[in-house]
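As structure tokens, the structure follows; a few thoughts come after it.
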Amino acid sequence: MIDSIGSLSERIRGKKAKFLLVIGTTDVSLIPGITVAGATPELTMFTPAADAEYLITGKCKVINGVPITPDGIPTPALLTRASLSFMNIDKLVVNAGARVTPRIPYLDLHGEPGQDIRNGGIRKEVGERIIENGITLGESLSDEGILVIGESIPAGTTTAAAVLTGLGFDGIKTVSSSSPNNPKDIKRAIVEEAIRKSPSNLMDRIFWLSDPVLLGVSAVTIGFKGLVILAGGTQMTAVAAIVKELEPRRLSEIGIVTTRWVVRDSSASIVEASKEIGVNLSYSNVNLSGSQYEGLRVYERGFVKEGVGAGGSMALALSNGSSEGELVKRIDEYYSDLINADNKAI
């Protein structure tokens, strides 16, 4: 089903939650025009680490300022941090395979950065290690609460499209973009080449087409004994598809919670993909058109849309009693802190 939190809120209201941010990089983000999750392709390698640092501490150490798009729009970690500030919630960073690691404490799945999927994204032994360690981590975090998992990996929608395609779904039709102009022609060419070269064995194909974050989130989801909220956009449909292949019984205990901007993205089809895979989909119906800041109002014009668990975090805040007005006000306050900070954003 799809709703604006709806029945899901009954399952998460009042329950203790943990928030996991799984980070990693893929060399796909170095392909010109494929992503705007960084001011330049080279700076996308810093984005996940900087997102993690900002989420936990409110400032970044691996770069000056915070990650922004080439148009100057700040990371959606801003929305996540503001939303989670309403709750007493544990926040953990998990490194699945980042080329630049954060300068804060984090859990490590001992993966590696993803390569260009046209030549094989994840080496088999590395993929197996990520999955084994991710399942172990998920099991160790299991309790009576819920687990909310966000992600940060530039170009992750392209690897997600490849994995979905490799598993028999229409990946290119499904995935969204952090830009209003979804570069589907570029994505299609990359995915088609990667698919042509991919192995026939199921797991080998998943590794070839994937990135460390997709594998890490999937593995933690499989290992956790309880409700998992996949807090993200169309990338999380690829996670659900992997879980369906590896541990289909877990699908009944996971749900994707995204933003209204992803659900309403005419260039993507997260609603149809979720139904086809068989995973519940909800969204946080937060509207930023009333924000004081143009850098936030542009979300309503299709910029950024999701990331770093923004949709799930906003849904969590709303389900636990915060109003939309209070949430937008808090997001504005955090944005004000950013633009008034002494350090310059990169």
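Chains: A, B, ... in order of the structure tokens. Residues: from 1 per chain. Ligands: from 1, in order shown.
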**Sel. of alpha helix (DSSP H) residues, segment 237-315 of chain A, as number ranges by chain** = A: 237-246, 260-263, 270-277, 294-297, 310-315
Fewer than 5 positions away in the same chain doesn't count, so skip those; otherwise give me all residues within 9 Å of segment 166-171 of chain A, counting only C-alpha atoms, as a compact mmCIF listing (two decimals) with N, CA, C and O atoms, in the first residue's frame.
```txt
# COMPACT_ATOMS: atom_id res chain seq x y z
N THR A 158 21.84 4.84 -10.10
CA THR A 158 22.28 4.12 -11.30
C THR A 158 22.60 2.67 -10.97
O THR A 158 22.20 1.75 -11.70
N ALA A 160 21.38 1.09 -8.48
CA ALA A 160 20.08 0.50 -8.14
C ALA A 160 19.33 0.08 -9.40
O ALA A 160 18.73 -1.00 -9.45
N ALA A 161 19.38 0.93 -10.42
CA ALA A 161 18.73 0.59 -11.69
C ALA A 161 19.34 -0.67 -12.30
O ALA A 161 18.63 -1.51 -12.85
N VAL A 191 23.85 1.08 -17.65
CA VAL A 191 23.20 -0.14 -17.17
C VAL A 191 23.20 -1.21 -18.26
O VAL A 191 23.50 -2.39 -17.98
N ILE A 195 24.89 -4.81 -17.78
CA ILE A 195 24.09 -6.03 -17.88
C ILE A 195 24.67 -6.99 -18.90
O ILE A 195 24.74 -8.21 -18.68
N SER A 198 27.52 -8.82 -17.34
CA SER A 198 27.33 -9.42 -16.01
C SER A 198 27.24 -10.93 -16.09
O SER A 198 26.78 -11.50 -17.09
N LEU A 202 23.29 -15.80 -10.09
CA LEU A 202 22.52 -14.74 -9.45
C LEU A 202 23.37 -13.85 -8.55
O LEU A 202 23.39 -12.63 -8.70
N ARG A 205 25.98 -11.88 -10.31
CA ARG A 205 25.39 -10.77 -11.06
C ARG A 205 25.06 -9.60 -10.15
O ARG A 205 25.30 -8.44 -10.49
N ILE A 206 24.52 -9.91 -8.97
CA ILE A 206 24.21 -8.84 -8.01
C ILE A 206 25.49 -8.10 -7.64
O ILE A 206 25.52 -6.86 -7.61
N LEU A 209 26.73 -5.76 -10.49
CA LEU A 209 25.90 -4.60 -10.79
C LEU A 209 25.74 -3.65 -9.61
O LEU A 209 25.19 -2.56 -9.78
N ALA A 238 15.65 -1.37 -4.85
CA ALA A 238 16.69 -2.35 -5.18
C ALA A 238 17.07 -3.16 -3.95
O ALA A 238 17.31 -4.38 -4.04
N ALA A 241 14.41 -5.66 -3.49
CA ALA A 241 14.53 -6.73 -4.49
C ALA A 241 15.62 -7.73 -4.11
O ALA A 241 15.46 -8.95 -4.30
N ILE A 242 16.73 -7.23 -3.56
CA ILE A 242 17.80 -8.12 -3.11
C ILE A 242 17.32 -8.96 -1.93
O ILE A 242 17.54 -10.18 -1.87
N GLU A 245 15.18 -11.80 -2.98
CA GLU A 245 15.94 -12.92 -3.53
C GLU A 245 16.62 -13.74 -2.44
O GLU A 245 16.65 -14.97 -2.50
N ALA A 273 7.06 -0.04 -8.81
CA ALA A 273 8.13 -0.98 -8.48
C ALA A 273 7.90 -1.62 -7.13
O ALA A 273 8.12 -2.84 -6.96
N GLU A 276 5.30 -4.28 -7.44
CA GLU A 276 5.79 -5.45 -8.16
C GLU A 276 6.69 -6.31 -7.28
O GLU A 276 6.65 -7.54 -7.33
N ILE A 277 7.52 -5.64 -6.48
CA ILE A 277 8.42 -6.36 -5.59
C ILE A 277 7.67 -6.96 -4.40
O ILE A 277 8.00 -8.03 -3.90
```
**Message:** Give me, as a VMD selection string, all polymer residues having an atom no more than 8 Å from Val148 of chain A, counting only C-alpha atoms and skipping those fewer than 6 positions away in the same chain.
**Reply:** chain A and resid 17 to 20 228 to 231 309 312 to 313
Could you save the residues just selected, with all heavy atoms, as an mmCIF file, in the first residue's frame?
```cif
data_model
loop_
_atom_site.group_PDB
_atom_site.id
_atom_site.type_symbol
_atom_site.label_atom_id
_atom_site.label_comp_id
_atom_site.auth_asym_id
_atom_site.auth_seq_id
_atom_site.Cartn_x
_atom_site.Cartn_y
_atom_site.Cartn_z
ATOM 1 N N ALA A 17 13.522 3.647 18.549
ATOM 2 C CA ALA A 17 14.081 3.448 17.213
ATOM 3 C C ALA A 17 15.579 3.705 17.230
ATOM 4 O O ALA A 17 16.089 4.486 18.036
ATOM 5 C CB ALA A 17 13.402 4.370 16.209
ATOM 6 N N LYS A 18 16.256 3.021 16.346
ATOM 7 C CA LYS A 18 17.661 3.302 16.064
ATOM 8 C C LYS A 18 17.749 3.777 14.622
ATOM 9 O O LYS A 18 17.045 3.262 13.746
ATOM 10 C CB LYS A 18 18.530 2.049 16.223
ATOM 11 C CG LYS A 18 18.579 1.442 17.601
ATOM 12 C CD LYS A 18 19.577 0.272 17.613
ATOM 13 C CE LYS A 18 19.575 -0.461 18.934
ATOM 14 N NZ LYS A 18 18.332 -1.260 19.109
ATOM 15 N N PHE A 19 18.628 4.739 14.385
ATOM 16 C CA PHE A 19 18.830 5.219 13.020
ATOM 17 C C PHE A 19 20.232 4.847 12.570
ATOM 18 O O PHE A 19 21.220 5.186 13.229
ATOM 19 C CB PHE A 19 18.653 6.735 12.936
ATOM 20 C CG PHE A 19 18.810 7.269 11.538
ATOM 21 C CD1 PHE A 19 17.715 7.359 10.693
ATOM 22 C CD2 PHE A 19 20.054 7.657 11.060
ATOM 23 C CE1 PHE A 19 17.855 7.831 9.396
ATOM 24 C CE2 PHE A 19 20.212 8.130 9.769
ATOM 25 C CZ PHE A 19 19.102 8.215 8.933
ATOM 26 N N LEU A 20 20.296 4.143 11.449
ATOM 27 C CA LEU A 20 21.580 3.757 10.850
ATOM 28 C C LEU A 20 21.751 4.515 9.534
ATOM 29 O O LEU A 20 20.854 4.487 8.688
ATOM 30 C CB LEU A 20 21.582 2.253 10.542
ATOM 31 C CG LEU A 20 22.575 1.363 11.297
ATOM 32 C CD1 LEU A 20 22.280 1.431 12.771
ATOM 33 C CD2 LEU A 20 22.478 -0.064 10.789
ATOM 34 N N VAL A 228 11.946 -3.046 9.956
ATOM 35 C CA VAL A 228 12.973 -2.192 9.370
ATOM 36 C C VAL A 228 12.309 -1.176 8.453
ATOM 37 O O VAL A 228 11.527 -1.549 7.565
ATOM 38 C CB VAL A 228 14.014 -2.999 8.566
ATOM 39 C CG1 VAL A 228 14.975 -2.069 7.836
ATOM 40 C CG2 VAL A 228 14.785 -3.939 9.481
ATOM 41 N N ILE A 229 12.615 0.087 8.677
ATOM 42 C CA ILE A 229 12.175 1.162 7.790
ATOM 43 C C ILE A 229 13.334 1.498 6.862
ATOM 44 O O ILE A 229 14.384 1.967 7.310
ATOM 45 C CB ILE A 229 11.759 2.413 8.580
ATOM 46 C CG1 ILE A 229 10.619 2.099 9.547
ATOM 47 C CG2 ILE A 229 11.372 3.541 7.623
ATOM 48 C CD1 ILE A 229 9.368 1.582 8.901
ATOM 49 N N LEU A 230 13.167 1.231 5.571
ATOM 50 C CA LEU A 230 14.158 1.624 4.575
ATOM 51 C C LEU A 230 13.877 3.077 4.219
ATOM 52 O O LEU A 230 12.977 3.385 3.434
ATOM 53 C CB LEU A 230 14.066 0.718 3.351
ATOM 54 C CG LEU A 230 14.330 -0.772 3.608
ATOM 55 C CD1 LEU A 230 14.084 -1.589 2.344
ATOM 56 C CD2 LEU A 230 15.752 -0.991 4.121
ATOM 57 N N ALA A 231 14.625 3.965 4.847
ATOM 58 C CA ALA A 231 14.377 5.403 4.737
ATOM 59 C C ALA A 231 15.127 5.947 3.525
ATOM 60 O O ALA A 231 16.281 6.351 3.624
ATOM 61 C CB ALA A 231 14.816 6.118 6.010
ATOM 62 N N GLY A 309 18.283 9.300 4.549
ATOM 63 C CA GLY A 309 17.150 8.920 5.385
ATOM 64 C C GLY A 309 16.145 10.015 5.640
ATOM 65 O O GLY A 309 15.370 9.938 6.610
ATOM 66 N N GLY A 312 12.166 8.944 5.794
ATOM 67 C CA GLY A 312 11.874 8.134 6.964
ATOM 68 C C GLY A 312 12.023 8.904 8.259
ATOM 69 O O GLY A 312 11.253 8.700 9.212
ATOM 70 N N SER A 313 13.002 9.792 8.313
ATOM 71 C CA SER A 313 13.218 10.580 9.528
ATOM 72 C C SER A 313 12.084 11.575 9.755
ATOM 73 O O SER A 313 11.611 11.755 10.882
ATOM 74 C CB SER A 313 14.550 11.336 9.431
ATOM 75 O OG SER A 313 15.618 10.427 9.317
#
```
**Message:** Could you list, as a list in words, every residue within 8 Å of Pro212 of chain A, counting only C-alpha atoms and ignoring same-chain residues fewer than 3 positions away?
**Reply:**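 Once the nearby chain positions are removed, what remains is Gly24, Thr25, Thr26, Ala96, Gly97, Gly111, Glu112, Pro113, Gly114, Ile122, Gly127, Ile130, Leu215 and Gly216 of chain A.
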What would the file look like if the residues just selected were written as an mmCIF file, in the first residue's frame with N, CA, C and O atoms?
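In the end it all went to result10.cif:
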```cif
data_model
loop_
_atom_site.group_PDB
_atom_site.id
_atom_site.type_symbol
_atom_site.label_atom_id
_atom_site.label_comp_id
_atom_site.auth_asym_id
_atom_site.auth_seq_id
_atom_site.Cartn_x
_atom_site.Cartn_y
_atom_site.Cartn_z
ATOM 1 N N GLY A 24 28.849 4.750 1.526
ATOM 2 C CA GLY A 24 29.784 4.098 0.619
ATOM 3 C C GLY A 24 29.932 4.936 -0.635
ATOM 4 O O GLY A 24 29.240 5.951 -0.813
ATOM 5 N N THR A 25 30.832 4.528 -1.500
ATOM 6 C CA THR A 25 31.019 5.226 -2.771
ATOM 7 C C THR A 25 31.083 4.210 -3.905
ATOM 8 O O THR A 25 31.364 3.029 -3.699
ATOM 9 N N THR A 26 30.812 4.689 -5.091
ATOM 10 C CA THR A 26 30.957 3.909 -6.314
ATOM 11 C C THR A 26 31.617 4.800 -7.363
ATOM 12 O O THR A 26 31.298 5.992 -7.459
ATOM 13 N N ALA A 96 30.036 0.897 4.609
ATOM 14 C CA ALA A 96 29.989 -0.318 3.802
ATOM 15 C C ALA A 96 31.131 -0.369 2.801
ATOM 16 O O ALA A 96 31.483 -1.449 2.315
ATOM 17 N N GLY A 97 31.716 0.786 2.484
ATOM 18 C CA GLY A 97 32.807 0.840 1.525
ATOM 19 C C GLY A 97 32.939 2.219 0.916
ATOM 20 O O GLY A 97 32.556 2.450 -0.234
ATOM 21 N N GLY A 111 34.008 -3.547 3.823
ATOM 22 C CA GLY A 111 33.837 -3.615 2.381
ATOM 23 C C GLY A 111 34.885 -2.785 1.680
ATOM 24 O O GLY A 111 35.905 -2.402 2.271
ATOM 25 N N GLU A 112 34.636 -2.503 0.433
ATOM 26 C CA GLU A 112 35.518 -1.656 -0.378
ATOM 27 C C GLU A 112 34.665 -0.712 -1.208
ATOM 28 O O GLU A 112 33.484 -1.010 -1.473
ATOM 29 N N PRO A 113 35.228 0.413 -1.650
ATOM 30 C CA PRO A 113 34.486 1.279 -2.561
ATOM 31 C C PRO A 113 34.085 0.513 -3.820
ATOM 32 O O PRO A 113 34.822 -0.353 -4.299
ATOM 33 N N GLY A 114 32.909 0.823 -4.342
ATOM 34 C CA GLY A 114 32.456 0.177 -5.558
ATOM 35 C C GLY A 114 33.216 0.676 -6.777
ATOM 36 O O GLY A 114 33.601 1.844 -6.860
ATOM 37 N N ILE A 122 31.443 -4.820 -7.509
ATOM 38 C CA ILE A 122 31.957 -5.332 -6.238
ATOM 39 C C ILE A 122 32.597 -6.697 -6.483
ATOM 40 O O ILE A 122 31.967 -7.594 -7.059
ATOM 41 N N GLY A 127 31.914 -8.620 -1.685
ATOM 42 C CA GLY A 127 30.468 -8.666 -1.540
ATOM 43 C C GLY A 127 30.025 -9.664 -0.490
ATOM 44 O O GLY A 127 29.132 -9.389 0.324
ATOM 45 N N ILE A 130 30.728 -8.169 2.945
ATOM 46 C CA ILE A 130 29.762 -7.140 3.322
ATOM 47 C C ILE A 130 28.467 -7.781 3.800
ATOM 48 O O ILE A 130 27.898 -7.392 4.827
ATOM 49 N N LEU A 215 24.380 -3.523 -0.882
ATOM 50 C CA LEU A 215 24.648 -4.802 -0.218
ATOM 51 C C LEU A 215 24.582 -4.657 1.298
ATOM 52 O O LEU A 215 24.011 -5.515 1.989
ATOM 53 N N GLY A 216 25.161 -3.589 1.818
ATOM 54 C CA GLY A 216 25.184 -3.389 3.263
ATOM 55 C C GLY A 216 23.797 -3.206 3.850
ATOM 56 O O GLY A 216 23.452 -3.818 4.870
#
```
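Among the candidates A:Ser178, A:Trp208, A:Asn340, A:Val163, the residue lying nearest to Arg123 of chain A is A:Trp208 (atoms considered: only C-alpha atoms).
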**Complete:** Counting only C-alpha atoms, closest pick from A:Ser218, A:Asn119, A:Asn88, A:Ser252 relative to Gln235 of chain A is A:Ser218
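Separating atom CA of Gly38 of chain A from atom CA of Thr57 of chain A is a distance of 20.0 Å.
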Please, which residues in segment 148-191 of chain A fall within 12 Å of segment 27-34 of chain A when counting only C-alpha atoms, and what is the closest atom pair and distance in Å to one decimal for each, ordered by chain then residue number, as CSV?
```
residue,atom,partner,partner_atom,distance
A:Ile153,CA,A:Ser29,CA,8.6
A:Pro154,CA,A:Ser29,CA,5.8
A:Ala155,CA,A:Ser29,CA,4.8
A:Gly156,CA,A:Ser29,CA,8.1
A:Thr157,CA,A:Ile34,CA,9.4
A:Thr158,CA,A:Val28,CA,7.8
A:Thr159,CA,A:Val28,CA,7.9
A:Ala160,CA,A:Val28,CA,11.5
A:Ala162,CA,A:Val28,CA,11.5
A:Ser176,CA,A:Ile34,CA,11.8
A:Ser177,CA,A:Ile34,CA,9.1
A:Ser178,CA,A:Ile34,CA,9.9
A:Ser179,CA,A:Ile34,CA,9.7
A:Asn181,CA,A:Gly33,CA,10.5
A:Asn182,CA,A:Ile34,CA,8.8
A:Pro183,CA,A:Ile34,CA,6.4
A:Lys184,CA,A:Ile34,CA,8.8
A:Asp185,CA,A:Ile34,CA,9.7
A:Ile186,CA,A:Ile34,CA,6.7
A:Lys187,CA,A:Ile34,CA,7.0
A:Arg188,CA,A:Ile34,CA,10.7
A:Ala189,CA,A:Ile34,CA,11.0
A:Ile190,CA,A:Val28,CA,8.9
A:Val191,CA,A:Val28,CA,10.6
```
Taking N, CA, C and O atoms for each residue, export the selection above as a CSV table (one decimal), in the first residue's frame.
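Listing of out.csv after writing:
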```
chain,number,residue,atom,x,y,z
A,153,ILE,N,25.2,7.6,-0.9
A,153,ILE,CA,26.1,7.1,-1.9
A,153,ILE,C,25.8,7.8,-3.3
A,153,ILE,O,24.8,7.5,-3.9
A,154,PRO,N,26.6,8.8,-3.7
A,154,PRO,CA,26.3,9.4,-5.0
A,154,PRO,C,26.3,8.4,-6.1
A,154,PRO,O,27.1,7.5,-6.1
A,155,ALA,N,25.4,8.6,-7.1
A,155,ALA,CA,25.2,7.7,-8.2
A,155,ALA,C,24.5,6.4,-7.8
A,155,ALA,O,24.4,5.5,-8.6
A,156,GLY,N,24.0,6.3,-6.6
A,156,GLY,CA,23.3,5.1,-6.1
A,156,GLY,C,22.1,4.7,-6.9
A,156,GLY,O,21.7,3.6,-7.0
A,157,THR,N,21.4,5.7,-7.5
A,157,THR,CA,20.2,5.4,-8.3
A,157,THR,C,20.6,4.6,-9.6
A,157,THR,O,19.9,3.8,-10.1
A,158,THR,N,21.8,4.8,-10.1
A,158,THR,CA,22.3,4.1,-11.3
A,158,THR,C,22.6,2.7,-11.0
A,158,THR,O,22.2,1.7,-11.7
A,159,THR,N,23.3,2.4,-9.9
A,159,THR,CA,23.6,1.1,-9.5
A,159,THR,C,22.3,0.3,-9.1
A,159,THR,O,22.1,-0.8,-9.4
A,160,ALA,N,21.4,1.1,-8.5
A,160,ALA,CA,20.1,0.5,-8.1
A,160,ALA,C,19.3,0.1,-9.4
A,160,ALA,O,18.7,-1.0,-9.5
A,162,ALA,N,20.7,-0.8,-12.2
A,162,ALA,CA,21.3,-2.0,-12.7
A,162,ALA,C,20.9,-3.2,-12.0
A,162,ALA,O,20.6,-4.3,-12.6
A,176,SER,N,14.8,7.4,-9.6
A,176,SER,CA,14.6,8.8,-9.6
A,176,SER,C,16.0,9.4,-9.7
A,176,SER,O,17.0,8.8,-10.1
A,177,SER,N,16.2,10.7,-9.4
A,177,SER,CA,17.4,11.4,-9.5
A,177,SER,C,17.4,12.6,-8.6
A,177,SER,O,16.4,13.1,-8.2
A,178,SER,N,18.6,13.0,-8.1
A,178,SER,CA,18.7,14.2,-7.3
A,178,SER,C,18.6,15.5,-8.1
A,178,SER,O,18.6,16.6,-7.5
A,179,SER,N,18.4,15.4,-9.4
A,179,SER,CA,18.3,16.5,-10.3
A,179,SER,C,16.8,16.5,-10.9
A,179,SER,O,16.3,15.4,-11.0
A,181,ASN,N,16.2,17.0,-13.8
A,181,ASN,CA,16.4,16.4,-15.1
A,181,ASN,C,17.1,15.1,-15.0
A,181,ASN,O,18.3,15.0,-15.0
A,182,ASN,N,16.3,14.1,-14.8
A,182,ASN,CA,16.8,12.7,-14.5
A,182,ASN,C,17.6,12.3,-15.8
A,182,ASN,O,17.0,12.1,-16.9
A,183,PRO,N,18.9,12.1,-15.7
A,183,PRO,CA,19.8,11.7,-16.8
A,183,PRO,C,19.6,10.3,-17.3
A,183,PRO,O,20.6,9.5,-17.2
A,184,LYS,N,18.4,9.9,-17.7
A,184,LYS,CA,18.1,8.5,-18.0
A,184,LYS,C,18.9,7.9,-19.2
A,184,LYS,O,19.2,6.7,-19.2
A,185,ASP,N,19.2,8.8,-20.1
A,185,ASP,CA,19.9,8.3,-21.3
A,185,ASP,C,21.3,7.8,-20.9
A,185,ASP,O,21.8,6.8,-21.3
A,186,ILE,N,22.0,8.6,-20.0
A,186,ILE,CA,23.3,8.2,-19.5
A,186,ILE,C,23.2,6.9,-18.7
A,186,ILE,O,23.9,6.0,-18.8
A,187,LYS,N,22.2,6.9,-17.8
A,187,LYS,CA,22.0,5.8,-16.9
A,187,LYS,C,21.7,4.5,-17.7
A,187,LYS,O,22.2,3.4,-17.5
A,188,ARG,N,20.9,4.7,-18.7
A,188,ARG,CA,20.5,3.5,-19.6
A,188,ARG,C,21.7,2.9,-20.3
A,188,ARG,O,21.9,1.7,-20.3
A,189,ALA,N,22.6,3.8,-20.8
A,189,ALA,CA,23.8,3.3,-21.5
A,189,ALA,C,24.7,2.6,-20.6
A,189,ALA,O,25.2,1.5,-20.9
A,190,ILE,N,24.8,3.1,-19.4
A,190,ILE,CA,25.7,2.4,-18.4
A,190,ILE,C,25.1,1.1,-17.9
A,190,ILE,O,25.8,0.1,-17.9
A,191,VAL,N,23.8,1.1,-17.6
A,191,VAL,CA,23.2,-0.1,-17.2
A,191,VAL,C,23.2,-1.2,-18.3
A,191,VAL,O,23.5,-2.4,-18.0
```
**Asked** Of the candidates A:Leu137, A:Val304, A:Ala82, A:Ile172, which shows the shortest atom-to-atom distance to Thr221 of chain A, using only C-alpha atoms?
**Response**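 Closest residue, counting only C-alpha atoms: A:Leu137.
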**Request:** To one decimal in Å, tell me the separation between atom CA of Arg118 of chain A and atom CA of Arg99 of chain A.
**Result:**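 Taking atom CA of Arg118 of chain A as the start and atom CA of Arg99 of chain A as the end point, the length is 18.7 Å.
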**Message:** Excluding Glu144 of chain A and its own-chain neighbours fewer than 2 positions away, which residues fall within 10 Å of it when counting only C-alpha atoms? Please give them as a ChimeraX atom specification.
**Reply:** /A:15-17,141-142,146-147,225-227
**Prompt:** Can you tell me how far atom CA of Val62 of chain A sits from atom CA of Ala50 of chain A, in Å to one decimal?
**Reply:**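 Distance reported for this atom pair: 6.1 Å.
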**Request:** Point out the residue among A:Leu107, A:Ala240, A:Pro180, A:Ser140 with the least atom-to-atom distance to Val298 of chain A, counting only C-alpha atoms.
**Result:**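 So, comparing all the options, the nearest one is A:Pro180.
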**Request:** Considering only C-alpha atoms, state which residue in the set A:Phe303, A:Trp261, A:Tyr54, A:Phe86 is at the smallest distance from Asn287 of chain A.
**Result:**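 Of all the options, A:Trp261 lies closest to Asn287 of chain A.
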**Request:** For Ala77 of chain A, please output as a VMD selection string all residues within 12 Å (counting only C-alpha atoms; exclusion window: fewer than 6 positions along the same chain).
**Result:** chain A and resid 21 37 47 to 60 66 to 68 83 to 84 150 to 152 232 304 to 314 331 334 to 335 338
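Using only C-alpha atoms, the nearest neighbour of Gly233 of chain A within the list A:Val262, A:Ile135, A:Ile149, A:Leu316 is A:Val262.
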**Prompt:** What's the 12 Å shell around Asp332 of chain A, counting only C-alpha atoms, without same-chain residues fewer than 4 positions away, as JSON, numbers by chain?
**Reply:** {"A": [78, 79, 81, 82, 83, 288, 289, 290, 291, 292, 293, 294, 295, 296, 297, 325, 326, 327, 328, 336, 337, 338, 339]}
Hey, can you spit out that residue selection with C-alpha atoms as a PDB file, in the first residue's frame?
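File result_29.pdb, as written:
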```pdb
ATOM      1  CA  LEU A  78      19.883  18.716   6.959  1.00  0.00           C
ATOM      2  CA  LEU A  79      16.290  17.408   6.882  1.00  0.00           C
ATOM      3  CA  ARG A  81      19.243  15.880  11.432  1.00  0.00           C
ATOM      4  CA  ALA A  82      16.433  18.375  12.049  1.00  0.00           C
ATOM      5  CA  SER A  83      13.791  15.633  12.102  1.00  0.00           C
ATOM      6  CA  LEU A 288       8.714  22.935   2.060  1.00  0.00           C
ATOM      7  CA  SER A 289       7.073  25.602  -0.092  1.00  0.00           C
ATOM      8  CA  GLY A 290       6.467  27.600   3.086  1.00  0.00           C
ATOM      9  CA  SER A 291      10.125  27.577   4.106  1.00  0.00           C
ATOM     10  CA  GLN A 292      11.889  30.887   4.611  1.00  0.00           C
ATOM     11  CA  TYR A 293      14.723  29.760   2.355  1.00  0.00           C
ATOM     12  CA  GLU A 294      14.907  29.285  -1.387  1.00  0.00           C
ATOM     13  CA  GLY A 295      17.512  26.558  -0.858  1.00  0.00           C
ATOM     14  CA  LEU A 296      14.753  24.484   0.755  1.00  0.00           C
ATOM     15  CA  ARG A 297      11.775  25.600  -1.340  1.00  0.00           C
ATOM     16  CA  GLY A 325       4.692  23.236  10.900  1.00  0.00           C
ATOM     17  CA  GLU A 326       7.035  22.455  13.782  1.00  0.00           C
ATOM     18  CA  LEU A 327       9.143  20.250  11.516  1.00  0.00           C
ATOM     19  CA  VAL A 328       9.480  22.856   8.758  1.00  0.00           C
ATOM     20  CA  SER A 336      19.886  29.155   9.086  1.00  0.00           C
ATOM     21  CA  ASP A 337      22.689  27.739  11.218  1.00  0.00           C
ATOM     22  CA  LEU A 338      24.367  26.461   8.056  1.00  0.00           C
ATOM     23  CA  ILE A 339      24.262  29.672   6.074  1.00  0.00           C
TER      24      ILE A 339
END
```
